[in-house]
Each structure stands twice: as structure tokens, then as C-alpha cells.
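See below for target34.cif, which holds mmCIF, C-alpha atoms.
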data_query
loop_
_atom_site.group_PDB
_atom_site.id
_atom_site.type_symbol
_atom_site.label_atom_id
_atom_site.label_comp_id
_atom_site.auth_asym_id
_atom_site.auth_seq_id
_atom_site.Cartn_x
_atom_site.Cartn_y
_atom_site.Cartn_z
ATOM 1 C CA MET M 1 -33.420 -7.779 7.367
ATOM 2 C CA ALA M 2 -30.845 -6.407 9.826
ATOM 3 C CA LYS M 3 -33.550 -4.677 11.834
ATOM 4 C CA GLU M 4 -35.483 -7.932 12.128
ATOM 5 C CA VAL M 5 -32.425 -9.915 13.257
ATOM 6 C CA ALA M 6 -31.401 -7.131 15.663
ATOM 7 C CA LYS M 7 -34.622 -7.634 17.623
ATOM 8 C CA ASN M 8 -33.197 -10.964 18.800
ATOM 9 C CA TYR M 9 -29.956 -9.333 19.980
ATOM 10 C CA PRO M 10 -30.837 -6.175 21.913
ATOM 11 C CA GLU M 11 -27.372 -6.079 23.521
ATOM 12 C CA ILE M 12 -25.740 -5.456 20.106
ATOM 13 C CA ALA M 13 -25.927 -1.927 18.731
ATOM 14 C CA LEU M 14 -27.438 -1.524 15.278
ATOM 15 C CA TRP M 15 -26.624 1.633 13.383
ATOM 16 C CA SER M 16 -27.722 2.749 9.968
ATOM 17 C CA THR M 17 -25.118 5.196 8.691
ATOM 18 C CA ASN M 18 -23.905 6.935 5.557
ATOM 19 C CA ILE M 19 -20.716 5.401 4.165
ATOM 20 C CA ASP M 20 -18.714 8.641 4.412
ATOM 21 C CA ALA M 21 -19.605 9.147 8.072
ATOM 22 C CA GLN M 22 -18.932 5.473 8.822
ATOM 23 C CA LEU M 23 -15.474 5.700 7.261
ATOM 24 C CA MET M 24 -14.686 8.693 9.451
ATOM 25 C CA TRP M 25 -15.904 6.961 12.626
ATOM 26 C CA LEU M 26 -14.024 3.756 11.838
ATOM 27 C CA ASN M 27 -10.883 5.735 11.168
ATOM 28 C CA LYS M 28 -11.267 7.813 14.319
ATOM 29 C CA ASN M 29 -12.301 5.022 16.714
ATOM 30 C CA PRO M 30 -11.542 1.603 15.185
ATOM 31 C CA GLU M 31 -11.446 -0.039 18.613
ATOM 32 C CA GLU M 32 -15.198 0.484 18.963
ATOM 33 C CA TYR M 33 -15.975 -1.958 16.137
ATOM 34 C CA ASN M 34 -15.716 -5.722 16.120
ATOM 35 C CA VAL M 35 -18.030 -6.554 13.222
ATOM 36 C CA VAL M 36 -19.467 -4.386 10.487
ATOM 37 C CA VAL M 37 -22.338 -5.754 8.420
ATOM 38 C CA SER M 38 -22.974 -4.046 5.109
ATOM 39 C CA SER M 39 -24.027 -4.489 1.529
ATOM 40 C CA ASN M 40 -21.383 -5.760 -0.881
ATOM 41 C CA LEU M 41 -20.734 -2.306 -2.347
ATOM 42 C CA PHE M 42 -20.250 -0.564 1.000
ATOM 43 C CA GLY M 43 -18.341 -3.519 2.420
ATOM 44 C CA ASP M 44 -15.933 -3.268 -0.507
ATOM 45 C CA ILE M 45 -15.501 0.471 0.079
ATOM 46 C CA LEU M 46 -14.862 -0.073 3.793
ATOM 47 C CA SER M 47 -12.444 -2.958 3.340
ATOM 48 C CA ASP M 48 -10.391 -1.200 0.670
ATOM 49 C CA ALA M 49 -10.304 2.066 2.612
ATOM 50 C CA PHE M 50 -9.185 0.457 5.832
ATOM 51 C CA ALA M 51 -6.746 -1.991 4.328
ATOM 52 C CA GLY M 52 -4.357 0.956 4.297
ATOM 53 C CA LEU M 53 -4.480 1.170 8.075
ATOM 54 C CA VAL M 54 -3.099 -2.364 8.389
ATOM 55 C CA GLY M 55 -0.448 -2.029 5.699
ATOM 56 C CA GLY M 56 -2.421 -2.383 2.478
ATOM 57 C CA LEU M 57 -4.518 -4.957 0.679
ATOM 58 C CA GLY M 58 -1.682 -7.463 1.017
ATOM 59 C CA PHE M 59 -2.499 -7.694 4.739
ATOM 60 C CA ALA M 60 -6.303 -7.559 4.591
ATOM 61 C CA ALA M 61 -7.891 -10.926 5.291
ATOM 62 C CA SER M 62 -11.628 -11.437 5.177
ATOM 63 C CA GLY M 63 -14.291 -13.925 6.098
ATOM 64 C CA ASN M 64 -17.867 -14.257 4.942
ATOM 65 C CA ILE M 65 -19.536 -16.337 7.626
ATOM 66 C CA GLY M 66 -23.048 -17.671 7.272
ATOM 67 C CA ASP M 67 -25.128 -20.166 9.217
ATOM 68 C CA ASP M 68 -23.990 -23.162 7.171
ATOM 69 C CA VAL M 69 -21.035 -21.996 5.100
ATOM 70 C CA ALA M 70 -18.000 -19.797 5.634
ATOM 71 C CA VAL M 71 -15.655 -18.476 2.946
ATOM 72 C CA PHE M 72 -12.289 -16.950 3.795
ATOM 73 C CA GLU M 73 -10.259 -14.965 1.272
ATOM 74 C CA PRO M 74 -7.892 -12.041 0.968
ATOM 75 C CA THR M 75 -9.659 -8.731 0.449
ATOM 76 C CA HIS M 76 -7.621 -8.156 -2.711
ATOM 77 C CA GLY M 77 -8.985 -11.339 -4.285
ATOM 78 C CA SER M 78 -6.662 -12.943 -6.799
ATOM 79 C CA ALA M 79 -4.949 -9.690 -7.879
ATOM 80 C CA PRO M 80 -5.518 -10.622 -11.555
ATOM 81 C CA LYS M 81 -3.445 -7.771 -12.993
ATOM 82 C CA TYR M 82 -0.366 -9.546 -11.629
ATOM 83 C CA ALA M 83 -1.410 -13.105 -12.516
ATOM 84 C CA GLU M 84 0.972 -13.415 -15.457
ATOM 85 C CA LEU M 85 4.083 -12.059 -13.752
ATOM 86 C CA ASN M 86 6.963 -14.465 -13.344
ATOM 87 C CA PRO M 87 7.950 -14.535 -10.575
ATOM 88 C CA PRO M 88 4.627 -13.636 -8.938
ATOM 89 C CA ILE M 89 4.748 -10.552 -6.718
ATOM 90 C CA VAL M 90 1.409 -10.563 -4.870
ATOM 91 C CA ASN M 91 1.798 -10.344 -1.095
ATOM 92 C CA PRO M 92 0.565 -13.724 0.246
ATOM 93 C CA ILE M 93 0.041 -12.493 3.811
ATOM 94 C CA ALA M 94 -3.660 -11.671 3.313
ATOM 95 C CA MET M 95 -4.294 -15.183 1.997
ATOM 96 C CA ILE M 96 -2.362 -16.761 4.859
ATOM 97 C CA LEU M 97 -4.197 -14.611 7.419
ATOM 98 C CA SER M 98 -7.484 -15.661 5.810
ATOM 99 C CA ALA M 99 -6.458 -19.267 6.387
ATOM 100 C CA ALA M 100 -5.726 -18.390 10.031
ATOM 101 C CA MET M 101 -9.234 -16.916 10.304
ATOM 102 C CA MET M 102 -10.603 -20.174 8.929
ATOM 103 C CA LEU M 103 -8.631 -22.124 11.525
ATOM 104 C CA ASP M 104 -10.124 -19.919 14.250
ATOM 105 C CA HIS M 105 -13.571 -20.585 12.806
ATOM 106 C CA VAL M 106 -13.122 -24.362 12.980
ATOM 107 C CA GLY M 107 -11.741 -24.285 16.522
ATOM 108 C CA GLU M 108 -8.021 -24.475 15.753
ATOM 109 C CA GLY M 109 -7.056 -21.236 17.479
ATOM 110 C CA GLN M 110 -3.602 -22.389 18.574
ATOM 111 C CA LYS M 111 -2.628 -23.205 14.994
ATOM 112 C CA ALA M 112 -4.049 -19.886 13.832
ATOM 113 C CA ASN M 113 -2.032 -18.034 16.475
ATOM 114 C CA ARG M 114 1.179 -19.791 15.409
ATOM 115 C CA ILE M 115 0.603 -18.647 11.847
ATOM 116 C CA ARG M 116 -0.100 -15.059 12.909
ATOM 117 C CA GLN M 117 3.034 -15.089 15.066
ATOM 118 C CA ALA M 118 5.144 -16.361 12.157
ATOM 119 C CA ILE M 119 3.826 -13.556 9.953
ATOM 120 C CA ALA M 120 4.482 -10.988 12.683
ATOM 121 C CA ASP M 121 8.046 -12.262 13.099
ATOM 122 C CA VAL M 122 8.781 -11.964 9.362
ATOM 123 C CA VAL M 123 7.260 -8.491 9.159
ATOM 124 C CA ARG M 124 9.073 -7.344 12.298
ATOM 125 C CA GLU M 125 12.425 -8.608 10.976
ATOM 126 C CA GLY M 126 11.930 -6.639 7.764
ATOM 127 C CA LYS M 127 14.361 -8.757 5.735
ATOM 128 C CA VAL M 128 11.739 -10.152 3.364
ATOM 129 C CA ARG M 129 9.331 -7.532 2.044
ATOM 130 C CA THR M 130 6.949 -7.638 -0.896
ATOM 131 C CA TYR M 131 6.573 -4.646 -3.211
ATOM 132 C CA ASP M 132 3.594 -3.248 -1.288
ATOM 133 C CA MET M 133 5.524 -3.389 1.973
ATOM 134 C CA MET M 134 8.305 -1.396 0.283
ATOM 135 C CA ARG M 135 5.788 1.102 -1.134
ATOM 136 C CA LEU M 136 6.849 0.273 -4.667
ATOM 137 C CA THR M 137 4.620 0.290 -7.701
ATOM 138 C CA GLY M 138 3.640 -3.244 -8.564
ATOM 139 C CA GLY M 139 4.751 -4.711 -11.838
ATOM 140 C CA PRO M 140 7.568 -6.632 -13.446
ATOM 141 C CA LYS M 141 10.261 -4.267 -12.125
ATOM 142 C CA ALA M 142 9.356 -4.804 -8.452
ATOM 143 C CA ILE M 143 11.683 -7.784 -8.015
ATOM 144 C CA SER M 144 14.630 -5.937 -9.563
ATOM 145 C CA GLN M 145 13.956 -3.123 -7.088
ATOM 146 C CA GLY M 146 14.497 -5.508 -4.176
ATOM 147 C CA ALA M 147 10.969 -6.746 -3.510
ATOM 148 C CA ALA M 148 10.420 -10.321 -2.439
ATOM 149 C CA SER M 149 8.306 -12.549 -4.627
ATOM 150 C CA THR M 150 5.152 -14.275 -3.431
ATOM 151 C CA VAL M 151 7.122 -17.490 -3.034
ATOM 152 C CA GLN M 152 9.956 -15.841 -1.084
ATOM 153 C CA MET M 153 7.500 -14.293 1.388
ATOM 154 C CA THR M 154 5.635 -17.577 1.768
ATOM 155 C CA ASP M 155 8.904 -19.444 2.349
ATOM 156 C CA ALA M 156 9.986 -16.909 5.000
ATOM 157 C CA ILE M 157 6.713 -17.400 6.883
ATOM 158 C CA LEU M 158 6.933 -21.185 6.588
ATOM 159 C CA GLU M 159 10.479 -21.070 7.939
ATOM 160 C CA LYS M 160 9.199 -19.340 11.094
ATOM 161 C CA LEU M 161 6.672 -22.152 11.582
ATOM 162 C CA LYS M 162 9.382 -24.837 11.842
#
As C-alpha cells, the full file:
Amino acid sequence: MAKEVAKNYPEIALWSTNIDAQLMWLNKNPEEYNVVVSSNLFGDILSDAFAGLVGGLGFAASGNIGDDVAVFEPTHGSAPKYAELNPPIVNPIAMILSAAMMLDHVGEGQKANRIRQAIADVVREGKVRTYDMMRLTGGPKAISQGAASTVQMTDAILEKLK
């Protein structure tokens, strides 16, 4: 299918690569890639592997954009292994960045940029950090080790938007 679609866009390079070589090239020269189209399996491998370059799955937003429908979600999904923790500890930044991607998609770039700036300000300050940002093991002890909860991180970002 990709080869058929590519015929209509000769100015866009189409490569067919092995996943291990593609991971190496993306790691070595990430600035050369704007969009990567892949099967679900290889897309999952790529997104998980490269989430580490941006700080972990807690920062990895994603968008699945089709002709008629677009779905935006964090790469980590719902993080079900932490669903029952009280307070919740999942880093909300990926979800919030996914919402910013959606705003870009619907033509609300200024709002999206404000959100990204608020996130950047919180991260730069370093006062509110979720367990993954502190390189702690996730679980019920994360909060007692100084990690911010999902709600605390969300509140810090919202505060920057005021």
C-alpha cells in the first residue's frame, strides 16, 4: 500500500528497512525524520525505544491520523499496572502533550503552544517530578520517595497556564 501511495508523492522518500537498522538510524540522526509509517508491531517497537530519548514513556505523545478520523493518546496507553494505586503516579505529560497534538490538528496551534510551554516550564523548574522523572521504580512507594502524583503534576502544569 505504501508503495502505491508513494507514487503520488515523489518528493517524499520511501524506505523499506529492517527494524534494527531503522532504530540505529533514528538514534543516530533523529533530525532527518518527521514521520515514520510502520506496522503496529514495528511502530510499537520504535515508539517504546525512542521514548527514552525524550525522557521516557511519560513524555511520549502519539497521534494516529487518518483521512477522516484522528486519535491522540500517550504512547504508554493507560498504564494499567498502576491503575489501582492511590494516589495515582502515572506521569500525565504524555496525555497532555497528546491533547496539544490534537489542538494542532484542529488548527489551535497557539493553545497547543501554551500547553507545551507550561509543561516545559514545570519540567525546567524541577520542583514537581513524577517517579519516572526521578528514575524511581514505579509502585506504591514512589510517593513516599518524593515523587509527585499524577494530580500534583497536572496541577503544576495547570498553574503555569493561568
Practice problem: Excluding region 76-92 of chain M and residues on its chain fewer than 2 positions from it, collect all residues at most 10 Å away from it, counting only C-alpha atoms, and give them as a PyMOL selection string. | Solution: chain M and resi 44+47-48+51+56-62+73-74+94-98+129-133+138-143+147-154+157
Quiz item: Hey, can you check how far CA of Ala70 (chain M) sits from CA of Leu46 (chain M)?
Solution: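 Rounded to one decimal, the two atoms are 20.1 Å apart.
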Self-check item: Between CA of Ala6 (chain M) and CA of Gly43 (chain M) - distance in Å to one decimal
Solution: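 So the two atoms, CA of Gly43 (chain M) and CA of Ala6 (chain M), lie 18.9 Å apart.
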Practice problem: May I ask for the distance between CA of Ala156 (chain M) and CA of Gln117 (chain M), given in Å to one decimal place? | Solution: 12.4 Å
Practice problem: Tell me which of M:Ala2, M:Gly63, M:Glu31, M:Ile45 sits closest to Asn18 (chain M), counting all atoms listed in the file. | Solution: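 Checking each candidate against Asn18 (chain M), we get M:Ile45 as the closest.
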Practice problem: Step by step, work through what the PyMOL selection byres ((chain M and resi 116) around 10) selects in the shown file, and finish by giving those residues as a list in words. | Solution: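 Applying the expression gives Ile93, Ile96, Leu97, Ala100, Met101, Gln110, Lys111, Ala112, Asn113, Arg114, Ile115, Gln117, Ala118, Ile119, Ala120, Asp121, Ile157 and Leu161 of chain M.
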Centre and edges of the region 143-161 of chain M box, axis-aligned, 8 Å extra per side, as AutoDock Vina command-line options:
--center_x 9.9 --center_y -12.6 --center_z 1.0 --size_x 25.5 --size_y 35.0 --size_z 37.1
Quiz item: Between M:Val69, M:Met134, M:Val123, M:Met102, which one has atoms that come closest to Lys160 (chain M), using all atoms listed in the file?
Solution: M:Val123
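Among the candidate residues M:Val122, M:Gln145, M:Glu11, M:Lys127, the one lying nearest to Glu159 (chain M) is M:Val122, with distances computed using all atoms listed in the file.
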Quiz item: Looking at M:Phe50, M:Phe42, M:Phe72, M:Tyr33, which one is nearest to Ile12 (chain M), with distances taken over only C-alpha atoms?
Solution: M:Tyr33
Practice problem: Using all atoms listed in the file, find the one residue out of M:Val128, M:Leu103, M:Val37, M:Arg135 that sits nearest to Asp155 (chain M). | Solution: M:Val128
